[in-house]
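For reference, work07.txt (compact mmCIF, C-alpha atoms and all ligand atoms):
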# COMPACT_ATOMS: atom_id res chain seq x y z
CA MET A 4 116.24 78.63 6.44
CA THR A 5 118.43 76.91 9.03
CA GLU A 6 118.31 80.12 11.07
CA ALA A 7 114.48 80.07 11.05
CA LEU A 8 114.50 76.42 12.11
CA ASP A 9 116.94 77.24 14.91
CA GLU A 10 114.67 80.01 16.08
CA LEU A 11 111.66 77.68 15.98
CA ALA A 12 113.56 75.10 18.03
CA ARG A 13 114.64 77.76 20.56
CA LEU A 14 111.06 78.93 20.96
CA ALA A 15 109.83 75.34 21.38
CA GLY A 16 112.52 74.92 24.06
CA ARG A 17 111.29 78.04 25.84
CA TYR A 18 107.72 76.68 26.01
CA ARG A 19 108.99 73.29 27.18
CA ALA A 20 111.04 75.01 29.90
CA PHE A 21 108.00 77.04 30.94
CA ALA A 22 106.00 73.81 31.27
CA ALA A 23 108.70 72.08 33.32
CA ASP A 24 109.95 74.96 35.49
CA GLU A 25 106.90 77.17 35.99
CA ALA A 26 103.65 75.36 35.21
CA HIS A 27 104.53 71.84 36.39
CA GLY A 28 102.99 71.18 39.80
CA VAL A 29 101.19 74.54 39.71
CA SER A 30 98.87 74.38 36.73
CA PRO A 31 98.35 70.95 35.12
CA HIS A 32 96.34 72.69 32.40
CA TYR A 33 99.13 75.12 31.38
CA ASP A 34 101.75 72.41 31.89
CA ARG A 35 100.03 70.24 29.26
CA LEU A 36 99.08 73.10 26.94
CA THR A 37 102.57 74.65 26.81
CA GLN A 38 104.11 71.24 26.13
CA GLU A 39 101.67 70.87 23.22
CA ILE A 40 102.49 74.39 21.98
CA ALA A 41 106.15 73.36 21.89
CA GLU A 42 105.14 70.62 19.40
CA SER A 43 102.79 72.77 17.31
CA ALA A 44 104.37 74.26 14.17
CA ALA A 45 101.27 76.45 13.63
CA VAL A 46 101.49 78.11 17.05
CA LEU A 47 105.28 78.46 16.94
CA ARG A 48 105.17 80.09 13.46
CA PHE A 49 102.49 82.51 14.67
CA LEU A 50 104.72 83.43 17.62
CA LEU A 51 107.80 83.87 15.43
CA ASP A 52 105.99 86.59 13.47
CA LEU A 53 105.79 88.65 16.68
CA PRO A 54 108.68 90.75 18.02
CA ALA A 55 110.88 88.61 20.32
CA PRO A 56 109.71 90.23 23.61
CA ARG A 57 106.09 89.42 22.67
CA ARG A 58 106.48 85.64 22.40
CA GLN A 59 106.19 84.90 26.14
CA PRO A 60 104.00 81.98 27.27
CA ASN A 61 102.11 84.11 29.82
CA LEU A 62 101.34 86.74 27.19
CA LEU A 63 100.03 84.19 24.65
CA LEU A 64 97.96 82.31 27.24
CA GLY A 65 96.56 85.52 28.74
CA ALA A 66 95.69 87.01 25.35
CA ALA A 67 93.97 83.81 24.14
CA THR A 68 91.99 83.70 27.41
CA LEU A 69 90.97 87.35 27.10
CA ILE A 70 89.65 86.83 23.56
CA ALA A 71 87.77 83.56 23.86
CA GLY A 72 88.06 82.21 27.39
CA ARG A 73 90.68 79.74 28.57
CA PRO A 74 91.73 77.53 25.59
CA PRO A 75 90.69 74.04 26.71
CA ASP A 76 93.25 72.31 24.48
CA ILE A 77 95.78 72.81 21.70
CA ALA A 78 93.09 72.31 19.02
CA SER A 79 91.21 75.36 20.24
CA LEU A 80 94.41 77.41 20.23
CA THR A 81 95.36 76.38 16.69
CA GLY A 82 91.73 77.08 15.71
CA MET A 83 92.05 80.59 17.12
CA ILE A 84 95.27 81.10 15.16
CA ALA A 85 93.56 79.90 11.97
CA ASN A 86 90.48 82.12 12.44
CA ARG A 87 91.35 85.02 14.71
CA ALA A 88 95.10 85.50 14.25
CA ASN A 89 94.81 89.27 13.76
CA GLU A 90 92.86 89.72 16.97
CA LEU A 91 95.30 87.56 18.92
CA ARG A 92 98.32 89.35 17.43
CA ALA A 93 96.82 92.79 18.19
CA THR A 94 96.18 91.83 21.83
CA MET A 95 99.70 90.46 22.22
CA LEU A 96 101.13 93.68 20.78
CA GLN A 97 98.90 95.95 22.86
CA ARG A 98 99.17 94.17 26.23
CA THR A 99 102.12 93.20 28.44
CA THR A 100 102.26 90.80 31.38
CA GLN A 101 101.20 93.13 34.18
CA THR A 102 99.93 90.60 36.71
CA ASN A 103 98.90 92.54 39.81
CA GLU A 104 98.96 90.23 42.82
CA PRO A 105 97.62 91.96 45.95
CA ALA A 106 98.38 88.85 48.06
CA ARG A 107 102.03 89.94 47.93
CA CYS A 108 101.04 92.43 50.66
CA ALA A 109 101.03 89.45 53.06
CA VAL A 110 104.83 89.19 52.81
CA LEU A 111 105.40 92.95 52.82
CA LEU A 112 103.27 93.58 55.89
CA PRO A 113 105.75 92.41 58.60
CA LEU A 114 108.32 94.88 57.23
CA LEU A 115 105.84 97.73 56.77
CA ALA A 116 104.30 97.31 60.24
CA ALA A 117 107.74 97.32 61.92
CA LEU A 118 108.65 100.79 60.57
CA PRO A 119 107.97 104.04 62.43
CA GLN A 120 104.37 104.98 61.58
CA PRO A 121 102.73 106.60 59.70
CA LEU A 122 103.92 105.56 56.25
CA ALA A 123 104.10 107.17 52.82
CA LEU A 124 104.27 104.44 50.17
CA VAL A 125 105.74 104.63 46.68
CA GLU A 126 105.41 101.46 44.63
CA VAL A 127 107.42 101.29 41.42
CA GLY A 128 106.00 98.95 38.77
CA ALA A 129 102.59 99.17 40.45
CA SER A 130 100.42 97.89 37.55
CA ALA A 131 96.89 98.77 38.81
CA GLY A 132 98.21 99.68 42.27
CA LEU A 133 96.60 96.84 44.26
CA CYS A 134 99.76 96.32 46.36
CA LEU A 135 99.54 99.97 47.41
CA LEU A 136 96.59 99.10 49.67
CA PRO A 137 98.17 96.82 52.35
CA ASP A 138 96.11 98.53 55.07
CA ARG A 139 92.78 97.63 53.44
CA TYR A 140 93.13 93.84 53.30
CA GLY A 141 93.03 91.04 55.89
CA TYR A 142 95.80 88.50 56.56
CA ASP A 143 95.93 84.94 57.78
CA TRP A 144 99.47 83.79 58.59
CA GLY A 145 98.25 80.69 60.45
CA GLU A 146 99.44 81.53 63.94
CA LYS A 147 98.33 85.16 63.55
CA ARG A 148 95.47 86.83 61.72
CA ILE A 149 94.40 90.39 61.06
CA ALA A 150 90.81 90.81 59.95
CA PRO A 151 90.15 93.44 57.28
CA GLY A 152 88.23 96.55 58.34
CA ASP A 153 85.82 95.89 55.46
CA PRO A 154 84.34 92.36 55.63
CA ALA A 155 84.15 92.24 51.81
CA ALA A 156 87.93 92.82 51.49
CA PRO A 157 90.10 89.79 50.69
CA MET A 158 91.85 87.83 53.41
CA PHE A 159 95.23 86.64 52.16
CA ARG A 160 96.51 83.29 53.41
CA CYS A 161 100.27 83.02 53.74
CA ALA A 162 102.20 80.03 55.17
CA VAL A 163 104.96 81.20 57.50
CA THR A 164 108.14 79.45 58.63
CA GLY A 165 110.84 80.91 60.88
CA SER A 166 110.30 83.66 63.42
CA ALA A 167 108.84 86.34 61.19
CA PRO A 168 107.80 89.43 63.17
CA LEU A 169 104.12 89.02 62.34
CA PRO A 170 102.20 92.18 63.17
CA THR A 171 98.99 92.36 65.15
CA ALA A 172 97.79 95.61 63.60
CA LEU A 173 97.71 97.10 60.13
CA PRO A 174 100.21 99.81 59.22
CA ARG A 175 98.96 103.40 59.07
CA VAL A 176 99.33 104.72 55.53
CA VAL A 177 98.83 108.49 55.15
CA TRP A 178 100.01 108.87 51.56
CA ARG A 179 100.54 106.49 48.64
CA ALA A 180 101.42 106.63 44.95
CA GLY A 181 102.51 104.20 42.26
CA LEU A 182 104.67 104.54 39.18
CA ASP A 183 104.28 102.34 36.10
CA LEU A 184 105.23 102.42 32.42
CA ASN A 185 101.58 101.60 31.71
CA PRO A 186 99.25 102.08 34.70
CA LEU A 187 96.16 99.89 34.62
CA ASP A 188 92.89 101.42 35.74
CA VAL A 189 90.88 99.56 38.40
CA ALA A 190 87.72 101.22 37.01
CA SER A 191 88.28 99.99 33.43
CA ASP A 192 86.49 96.76 32.44
CA GLU A 193 89.14 96.05 29.76
CA ASP A 194 92.03 96.44 32.19
CA THR A 195 90.45 94.33 34.92
CA ALA A 196 89.51 91.63 32.38
CA TRP A 197 93.19 91.55 31.37
CA LEU A 198 94.28 91.17 35.01
CA GLU A 199 91.89 88.23 35.38
CA ALA A 200 93.06 86.64 32.13
CA LEU A 201 96.61 86.62 33.50
CA ILE A 202 95.61 84.41 36.44
CA TRP A 203 96.31 80.77 35.71
CA PRO A 204 93.60 78.11 35.60
CA GLU A 205 93.07 76.15 38.84
CA GLN A 206 93.95 79.29 40.88
CA GLU A 207 90.42 80.06 42.01
CA GLU A 208 91.47 81.61 45.32
CA ARG A 209 93.71 84.11 43.50
CA ARG A 210 90.86 84.97 41.11
CA ARG A 211 88.39 85.51 43.99
CA ASN A 212 90.91 87.61 45.89
CA LEU A 213 91.71 89.68 42.81
CA ARG A 214 88.02 90.49 42.31
CA ALA A 215 87.61 91.41 45.97
CA ALA A 216 90.76 93.58 45.94
CA LEU A 217 89.56 95.35 42.78
CA ALA A 218 86.23 96.09 44.46
CA VAL A 219 88.09 97.57 47.46
CA ALA A 220 90.35 99.60 45.16
CA ARG A 221 87.45 100.95 43.08
CA ARG A 222 85.93 102.60 46.16
CA ASP A 223 89.06 104.76 46.60
CA PRO A 224 91.47 104.07 43.70
CA PRO A 225 95.21 104.25 44.32
CA ARG A 226 97.02 106.90 42.30
CA VAL A 227 99.39 105.32 39.78
CA VAL A 228 101.43 107.76 37.69
CA ARG A 229 102.72 106.91 34.22
CA GLY A 230 106.51 106.91 34.24
CA ASP A 231 109.75 104.97 34.25
CA LEU A 232 111.27 103.97 37.57
CA LEU A 233 114.69 104.86 36.14
CA HIS A 234 113.76 108.48 35.41
CA ASP A 235 110.61 109.51 37.23
CA LEU A 236 111.02 108.32 40.81
CA ALA A 237 112.65 111.37 42.43
CA PRO A 238 109.79 113.83 41.72
CA LEU A 239 107.24 111.34 43.08
CA MET A 240 109.22 110.76 46.27
CA ALA A 241 109.47 114.54 46.70
CA GLU A 242 105.65 114.73 46.95
CA ALA A 243 105.50 112.48 50.03
CA PRO A 244 104.78 114.21 53.35
CA ALA A 245 107.97 114.83 55.32
CA GLU A 246 106.50 113.65 58.64
CA ALA A 247 105.79 110.11 57.34
CA THR A 248 108.30 107.28 56.89
CA LEU A 249 108.83 107.09 53.15
CA VAL A 250 108.95 103.54 51.72
CA VAL A 251 109.88 102.72 48.13
CA PHE A 252 108.99 99.14 47.28
CA HIS A 253 108.64 96.81 44.34
CA THR A 254 107.58 93.22 43.76
CA ALA A 255 108.08 91.29 40.50
CA VAL A 256 109.29 94.38 38.61
CA LEU A 257 113.07 94.79 38.48
CA ALA A 258 113.51 91.63 36.35
CA TYR A 259 112.00 93.71 33.55
CA VAL A 260 114.70 96.37 33.97
CA SER A 261 117.99 95.68 32.22
CA PRO A 262 120.95 95.74 32.01
CA PRO A 263 122.00 95.13 35.64
CA GLU A 264 123.69 98.55 35.55
CA ALA A 265 120.23 100.16 35.16
CA ARG A 266 119.00 98.29 38.25
CA ARG A 267 122.07 99.54 40.13
CA ARG A 268 121.25 103.14 39.14
CA PHE A 269 117.71 102.70 40.44
CA VAL A 270 119.03 101.36 43.76
CA GLU A 271 121.46 104.29 44.04
CA THR A 272 118.59 106.77 43.58
CA VAL A 273 116.55 105.11 46.34
CA ARG A 274 119.49 104.70 48.72
CA ALA A 275 120.51 108.35 48.26
CA SER A 276 117.00 109.41 49.38
CA ARG A 277 115.39 109.26 52.83
CA ALA A 278 113.29 106.25 51.75
CA VAL A 279 113.36 102.76 53.22
CA TRP A 280 113.83 100.38 50.28
CA ILE A 281 111.87 97.11 50.20
CA SER A 282 112.52 94.66 47.37
CA ASN A 283 110.62 91.42 46.68
CA GLU A 284 112.11 89.98 43.51
CA ALA A 285 113.55 86.80 41.98
CA PRO A 286 116.97 86.17 43.60
CA ARG A 287 118.84 86.66 40.28
CA VAL A 288 117.63 90.28 40.10
CA PHE A 289 119.99 91.39 42.88
CA PRO A 290 122.65 88.64 43.05
CA ASP A 291 124.70 90.63 45.58
CA ILE A 292 121.78 90.51 48.06
CA ALA A 293 121.13 86.82 47.33
CA ALA A 294 124.85 86.13 47.98
CA ARG A 295 124.33 87.36 51.56
CA THR A 296 121.91 84.55 52.38
CA SER A 297 123.43 81.38 53.78
CA GLN A 298 121.12 79.03 51.85
CA PRO A 299 120.78 78.61 48.09
CA ALA A 300 117.46 79.92 46.77
CA PRO A 301 114.72 77.27 46.89
CA HIS A 302 112.96 76.66 43.57
CA TRP A 303 110.62 79.40 42.41
CA ARG A 304 110.92 81.85 45.28
CA PHE A 305 111.41 85.59 45.55
CA LEU A 306 113.92 87.21 47.88
CA LEU A 307 112.51 89.79 50.29
CA SER A 308 114.99 92.41 51.50
CA VAL A 309 115.00 95.76 53.24
CA ASP A 310 117.73 98.29 52.46
CA GLY A 311 119.71 95.49 50.81
CA GLU A 312 119.50 93.18 53.83
CA PRO A 313 117.93 89.78 53.03
CA LYS A 314 114.93 88.94 55.21
CA ALA A 315 113.05 85.97 53.72
CA TRP A 316 112.25 83.76 50.76
CA THR A 317 108.70 84.39 49.63
CA GLY A 318 106.22 82.55 47.43
CA PRO A 319 106.01 84.58 44.18
CA HIS A 320 102.28 85.14 44.70
CA GLY A 321 102.62 85.97 48.39
CA GLN A 322 101.53 82.48 49.42
CA SER A 323 104.53 81.81 51.70
CA LEU A 324 107.07 83.59 53.86
CA GLU A 325 110.24 81.74 54.94
CA TRP A 326 111.90 84.12 57.40
CA PHE A 327 115.69 83.88 57.77
CA ALA A 328 117.21 83.23 61.18
CA SER A 329 119.18 86.32 62.29
CA GLY A 330 122.71 86.06 60.99
CA ASP A 331 121.56 84.47 57.72
C1 LIG B 1 104.55 91.72 36.86
S1 LIG B 1 103.93 93.36 37.10
C2 LIG B 1 103.98 93.46 38.89
C3 LIG B 1 102.96 94.43 39.42
C4 LIG B 1 102.94 94.61 40.95
N1 LIG B 1 104.21 95.09 41.42
C5 LIG B 1 102.59 93.34 41.68
O1 LIG B 1 103.48 92.75 42.33
O2 LIG B 1 101.45 92.91 41.64
C6 LIG B 1 105.32 94.37 36.62
C7 LIG B 1 104.96 95.81 36.39
O3 LIG B 1 106.16 96.58 36.27
C8 LIG B 1 105.98 97.58 35.30
N2 LIG B 1 107.32 98.04 34.84
C9 LIG B 1 108.25 97.31 34.18
N3 LIG B 1 109.35 98.07 33.94
C10 LIG B 1 109.10 99.30 34.47
C11 LIG B 1 109.83 100.52 34.54
N4 LIG B 1 111.04 100.64 33.98
N5 LIG B 1 109.25 101.59 35.15
C12 LIG B 1 108.01 101.49 35.69
N6 LIG B 1 107.27 100.36 35.66
C13 LIG B 1 107.80 99.28 35.05
C14 LIG B 1 105.14 96.89 34.23
O4 LIG B 1 104.47 97.83 33.42
C15 LIG B 1 104.17 96.06 35.10
O5 LIG B 1 102.99 96.75 35.38

Would you encode the structure as structure tokens?
Amino acid sequence: MTEALDELARLAGRYRAFAADEAHGVSPHYDRLTQEIAESAAVLRFLLDLPAPRRQPNLLLGAATLIAGRPPDIASLTGMIANRANELRATMLQRTTQTNEPARCAVLLPLLAALPQPLALVEVGASAGLCLLPDRYGYDWGEKRIAPGDPAAPMFRCAVTGSAPLPTALPRVVWRAGLDLNPLDVASDEDTAWLEALIWPEQEERRRNLRAALAVARRDPPRVVRGDLLHDLAPLMAEAPAEATLVVFHTAVLAYVSPPEARRRFVETVRASRAVWISNEAPRVFPDIAARTSQPAPHWRFLLSVDGEPKAWTGPHGQSLEWFASGD
């Protein structure tokens, strides 16, 4: 009994922390709703019946949105739990948080464009593979812009500080492939509806850009292979053409890989290959790389690095690039 109450209190604390650390200042709607969830015994009990990894705020909010549209308030969420609990549970068991944010290409592009061309790209944890198409989008870094070849393609805005080597031309990609535990299909209405449901309210630009990127991807879908980055990377890298610069990259993925020893094994595999390794992850994912920066990580940023060398703090959705001075 006390144990169950402890678990309930821990879960409430997790939703309160989500509201304060992640939603506050970003999504007033989710900030309020997750605070209310933390006070709702009905929602917390529903969550406690799910396996621990399936109790995440983003998974609950995405699943509720997929089923009945964005819950406007806590009453509609408790109503859904009273009337459609099985449907909500099934969605939360079937789906995982696979947010695919193509705007992250805006922070990858300076690194990709600076490499010897052409490129062969392998993205691990690719979701639907939208970040595998950096050469099909447009970019607006303020002082520099690159228009997309296709006027219907999205144009990603990214605020830059520091002397980032902003490119003037798109990289030339001659081969690309993704790897994911559960590839999403850009041609599937269910999968693309799930990707949209994962975008937070108030983030209309992200939603518009996602739709535009999906339309671009549908015309020539990126290949994403089902597999585990810990076991299935080497055969995929071996397929890349020898004359291209091979790049293995990942954004918002390695936090899902544990323990840290497993992440180290992944890095060893990449570093033992001919590939250039680009990582764009929360700083705690590779603390040894974060320790090489001279500044503490600003709140809610990713750390961009190439071959283990820190290059910049980045907005987690590709919305900013804070380039380090050399020597940082
Ligand atoms: C948050 S999504 C990020 C997707 C994409 N990289 C982006 O930035 O838009 C994380 C993805 O990593 C995948 N993933 C997690 N662990 C993995 C593993 N061990 N091997 C392959 N993919 C993995 C998940 O299935 C999910 O699609």

Residues within 12 Å of (113.2, 75.0, 22.1), counting all atoms listed in the file, listed as a PDB file with C-alpha atoms, in the frame of the given file:
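Everything below was put into part-v2.pdb:
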ATOM      1  CA  LEU A   8     114.500  76.420  12.110  1.00  0.00           C
ATOM      2  CA  ASP A   9     116.940  77.240  14.910  1.00  0.00           C
ATOM      3  CA  GLU A  10     114.670  80.010  16.080  1.00  0.00           C
ATOM      4  CA  LEU A  11     111.660  77.680  15.980  1.00  0.00           C
ATOM      5  CA  ALA A  12     113.560  75.100  18.030  1.00  0.00           C
ATOM      6  CA  ARG A  13     114.640  77.760  20.560  1.00  0.00           C
ATOM      7  CA  LEU A  14     111.060  78.930  20.960  1.00  0.00           C
ATOM      8  CA  ALA A  15     109.830  75.340  21.380  1.00  0.00           C
ATOM      9  CA  GLY A  16     112.520  74.920  24.060  1.00  0.00           C
ATOM     10  CA  ARG A  17     111.290  78.040  25.840  1.00  0.00           C
ATOM     11  CA  TYR A  18     107.720  76.680  26.010  1.00  0.00           C
ATOM     12  CA  ARG A  19     108.990  73.290  27.180  1.00  0.00           C
ATOM     13  CA  ALA A  20     111.040  75.010  29.900  1.00  0.00           C
ATOM     14  CA  PHE A  21     108.000  77.040  30.940  1.00  0.00           C
ATOM     15  CA  ALA A  22     106.000  73.810  31.270  1.00  0.00           C
ATOM     16  CA  THR A  37     102.570  74.650  26.810  1.00  0.00           C
ATOM     17  CA  GLN A  38     104.110  71.240  26.130  1.00  0.00           C
ATOM     18  CA  ILE A  40     102.490  74.390  21.980  1.00  0.00           C
ATOM     19  CA  ALA A  41     106.150  73.360  21.890  1.00  0.00           C
ATOM     20  CA  GLU A  42     105.140  70.620  19.400  1.00  0.00           C
ATOM     21  CA  SER A  43     102.790  72.770  17.310  1.00  0.00           C
ATOM     22  CA  ALA A  44     104.370  74.260  14.170  1.00  0.00           C
ATOM     23  CA  LEU A  47     105.280  78.460  16.940  1.00  0.00           C
TER      24      LEU A  47
END

Expressed in Å to a single decimal, how great is the separation between CA of Arg226 (chain A) and CA of Gly132 (chain A)?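 Calculated distance between CA of Arg226 (chain A) and CA of Gly132 (chain A) is 7.3 Å.
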
Excluding region 161-169 of chain A and any residue of its chain fewer than 3 positions from it, enumerate the residues within 10 Å of it, using all atoms listed in the file, and give them as a ChimeraX atom specification. /A:106-110,112-114,116-117,142-149,158,172,314-318,320-329

Considering all atoms listed in the file, can you say which of A:Ser297, A:Ser308, A:Thr102, A:Ser276 comes closest to ligand LIG 1 (chain B)?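 Closest candidate: A:Thr102.
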
Between A:Thr100, A:Thr94, A:Ser30, A:Ser191, which is the closest to ligand LIG 1 (chain B) once you count all atoms listed in the file?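 Smallest distance to ligand LIG 1 (chain B) is found for A:Thr100.
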
Would you compute the distance between CA of Ile77 (chain A) and CA of Val29 (chain A)? Give it in Å to one decimal.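 Taking CA of Ile77 (chain A) as the start and CA of Val29 (chain A) as the end point, the length is 18.9 Å.
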
Please work out which residues fall within 8 Å of (117.4, 100.4, 52.5), coordinates as given in the file, with all atoms listed in the file counting, and return them as a compact mmCIF listing (two decimals) with C-alpha atoms, in the frame of the given file.
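Okay, this is what ended up in result.txt:
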# COMPACT_ATOMS: atom_id res chain seq x y z
CA VAL A 273 116.55 105.11 46.34
CA ARG A 274 119.49 104.70 48.72
CA ALA A 278 113.29 106.25 51.75
CA VAL A 279 113.36 102.76 53.22
CA TRP A 280 113.83 100.38 50.28
CA ILE A 281 111.87 97.11 50.20
CA VAL A 309 115.00 95.76 53.24
CA ASP A 310 117.73 98.29 52.46
CA GLY A 311 119.71 95.49 50.81
CA GLU A 312 119.50 93.18 53.83

Report as a list of chain:residue names all protein, DNA and RNA residues lying within 10 Å of Thr195 (chain A), evaluated on all atoms listed in the file, omitting residues in the same chain fewer than 3 positions from it.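 Neighbouring residues, sequence-local ones excluded: A:Asn103, A:Ala131, A:Leu187, A:Asp188, A:Val189, A:Ala190, A:Ser191, A:Asp192, A:Leu198, A:Glu199, A:Ala200, A:Leu201, A:Leu213, A:Arg214, A:Leu217.
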
Expected answer as a ChimeraX atom specification: residues within 8 Å of ligand LIG 1 (chain B), all atoms listed in the file: /A:99-105,107,126-134,182-187,229-233,253-257,259-260

Which residue is closest to Pro301 (chain A)? Choose from A:Val270, A:Ala285, A:Ala265, A:Pro313 and count all atoms listed in the file. A:Ala285

Find the residue from A:Thr248, A:Asn61, A:Ser282, A:Thr272 that sits nearest to Asp235 (chain A); use only C-alpha atoms when measuring. A:Thr272

Between CA of Leu236 (chain A) and CA of Glu264 (chain A), what distance in Å does the model show, to one decimal? 16.8 Å

Excluding Gly82 (chain A) and any residue of its chain fewer than 2 positions from it, enumerate the residues within 12 Å of it, using only C-alpha atoms, and give them as a JSON list (two decimals) with C-alpha atoms, in the frame of the given file.
[["chain", "number", "residue", "atom", "x", "y", "z"],
["A", 43, "SER", "CA", 102.79, 72.77, 17.31],
["A", 45, "ALA", "CA", 101.27, 76.45, 13.63],
["A", 46, "VAL", "CA", 101.49, 78.11, 17.05],
["A", 67, "ALA", "CA", 93.97, 83.81, 24.14],
["A", 71, "ALA", "CA", 87.77, 83.56, 23.86],
["A", 74, "PRO", "CA", 91.73, 77.53, 25.59],
["A", 75, "PRO", "CA", 90.69, 74.04, 26.71],
["A", 76, "ASP", "CA", 93.25, 72.31, 24.48],
["A", 77, "ILE", "CA", 95.78, 72.81, 21.70],
["A", 78, "ALA", "CA", 93.09, 72.31, 19.02],
["A", 79, "SER", "CA", 91.21, 75.36, 20.24],
["A", 80, "LEU", "CA", 94.41, 77.41, 20.23],
["A", 84, "ILE", "CA", 95.27, 81.10, 15.16],
["A", 85, "ALA", "CA", 93.56, 79.90, 11.97],
["A", 86, "ASN", "CA", 90.48, 82.12, 12.44],
["A", 87, "ARG", "CA", 91.35, 85.02, 14.71],
["A", 88, "ALA", "CA", 95.10, 85.50, 14.25],
["A", 91, "LEU", "CA", 95.30, 87.56, 18.92]]

Residues near Ala150 (chain A), anyone? I mean within 12 Å using only C-alpha atoms, not counting same-chain ones fewer than 5 positions away, as a PyMOL selection string. chain A and resi 138-144+155-160+170-173

Hey, can you spit out that residue selection with C-alpha atoms as a PDB file, in the frame of the given file?
ATOM      1  CA  ASP A 138      96.110  98.530  55.070  1.00  0.00           C
ATOM      2  CA  ARG A 139      92.780  97.630  53.440  1.00  0.00           C
ATOM      3  CA  TYR A 140      93.130  93.840  53.300  1.00  0.00           C
ATOM      4  CA  GLY A 141      93.030  91.040  55.890  1.00  0.00           C
ATOM      5  CA  TYR A 142      95.800  88.500  56.560  1.00  0.00           C
ATOM      6  CA  ASP A 143      95.930  84.940  57.780  1.00  0.00           C
ATOM      7  CA  TRP A 144      99.470  83.790  58.590  1.00  0.00           C
ATOM      8  CA  ALA A 155      84.150  92.240  51.810  1.00  0.00           C
ATOM      9  CA  ALA A 156      87.930  92.820  51.490  1.00  0.00           C
ATOM     10  CA  PRO A 157      90.100  89.790  50.690  1.00  0.00           C
ATOM     11  CA  MET A 158      91.850  87.830  53.410  1.00  0.00           C
ATOM     12  CA  PHE A 159      95.230  86.640  52.160  1.00  0.00           C
ATOM     13  CA  ARG A 160      96.510  83.290  53.410  1.00  0.00           C
ATOM     14  CA  PRO A 170     102.200  92.180  63.170  1.00  0.00           C
ATOM     15  CA  THR A 171      98.990  92.360  65.150  1.00  0.00           C
ATOM     16  CA  ALA A 172      97.790  95.610  63.600  1.00  0.00           C
ATOM     17  CA  LEU A 173      97.710  97.100  60.130  1.00  0.00           C
TER      18      LEU A 173
END

Counting only C-alpha atoms, which of A:Pro290, A:Pro224, A:Pro204, A:Pro151 gets nearest to Ala180 (chain A)? A:Pro224

Take region 202-212 of chain A, bring it up to N, CA, C and O atoms, and give me the output as a PDB file, in the frame of the given file.
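Saved to part29.pdb:
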ATOM      1  N   ILE A 202      95.595  85.415  35.361  1.00  0.00           N
ATOM      2  CA  ILE A 202      95.610  84.410  36.440  1.00  0.00           C
ATOM      3  C   ILE A 202      95.468  83.020  35.825  1.00  0.00           C
ATOM      4  O   ILE A 202      94.645  82.812  34.940  1.00  0.00           O
ATOM      5  N   TRP A 203      96.287  82.112  36.293  1.00  0.00           N
ATOM      6  CA  TRP A 203      96.310  80.770  35.710  1.00  0.00           C
ATOM      7  C   TRP A 203      95.056  79.973  36.083  1.00  0.00           C
ATOM      8  O   TRP A 203      94.432  80.234  37.116  1.00  0.00           O
ATOM      9  N   PRO A 204      94.726  78.969  35.249  1.00  0.00           N
ATOM     10  CA  PRO A 204      93.600  78.110  35.600  1.00  0.00           C
ATOM     11  C   PRO A 204      93.901  77.419  36.943  1.00  0.00           C
ATOM     12  O   PRO A 204      95.053  77.402  37.361  1.00  0.00           O
ATOM     13  N   GLU A 205      92.962  76.887  37.555  1.00  0.00           N
ATOM     14  CA  GLU A 205      93.070  76.150  38.840  1.00  0.00           C
ATOM     15  C   GLU A 205      93.344  77.098  40.011  1.00  0.00           C
ATOM     16  O   GLU A 205      93.355  76.678  41.151  1.00  0.00           O
ATOM     17  N   GLN A 206      93.591  78.396  39.764  1.00  0.00           N
ATOM     18  CA  GLN A 206      93.950  79.290  40.880  1.00  0.00           C
ATOM     19  C   GLN A 206      92.735  80.134  41.267  1.00  0.00           C
ATOM     20  O   GLN A 206      92.734  81.353  41.159  1.00  0.00           O
ATOM     21  N   GLU A 207      91.700  79.409  41.714  1.00  0.00           N
ATOM     22  CA  GLU A 207      90.420  80.060  42.010  1.00  0.00           C
ATOM     23  C   GLU A 207      90.515  81.046  43.175  1.00  0.00           C
ATOM     24  O   GLU A 207      89.878  82.086  43.173  1.00  0.00           O
ATOM     25  N   GLU A 208      91.342  80.702  44.161  1.00  0.00           N
ATOM     26  CA  GLU A 208      91.470  81.610  45.320  1.00  0.00           C
ATOM     27  C   GLU A 208      92.082  82.942  44.867  1.00  0.00           C
ATOM     28  O   GLU A 208      91.644  84.014  45.282  1.00  0.00           O
ATOM     29  N   ARG A 209      93.094  82.870  43.999  1.00  0.00           N
ATOM     30  CA  ARG A 209      93.710  84.110  43.500  1.00  0.00           C
ATOM     31  C   ARG A 209      92.688  84.938  42.723  1.00  0.00           C
ATOM     32  O   ARG A 209      92.626  86.149  42.848  1.00  0.00           O
ATOM     33  N   ARG A 210      91.863  84.252  41.922  1.00  0.00           N
ATOM     34  CA  ARG A 210      90.860  84.970  41.110  1.00  0.00           C
ATOM     35  C   ARG A 210      89.838  85.664  42.033  1.00  0.00           C
ATOM     36  O   ARG A 210      89.522  86.827  41.843  1.00  0.00           O
ATOM     37  N   ARG A 211      89.366  84.924  43.043  1.00  0.00           N
ATOM     38  CA  ARG A 211      88.390  85.510  43.990  1.00  0.00           C
ATOM     39  C   ARG A 211      89.008  86.702  44.706  1.00  0.00           C
ATOM     40  O   ARG A 211      88.393  87.748  44.846  1.00  0.00           O
ATOM     41  N   ASN A 212      90.251  86.532  45.155  1.00  0.00           N
ATOM     42  CA  ASN A 212      90.910  87.610  45.890  1.00  0.00           C
ATOM     43  C   ASN A 212      91.164  88.818  45.000  1.00  0.00           C
ATOM     44  O   ASN A 212      91.072  89.958  45.449  1.00  0.00           O
TER      45      ASN A 212
END
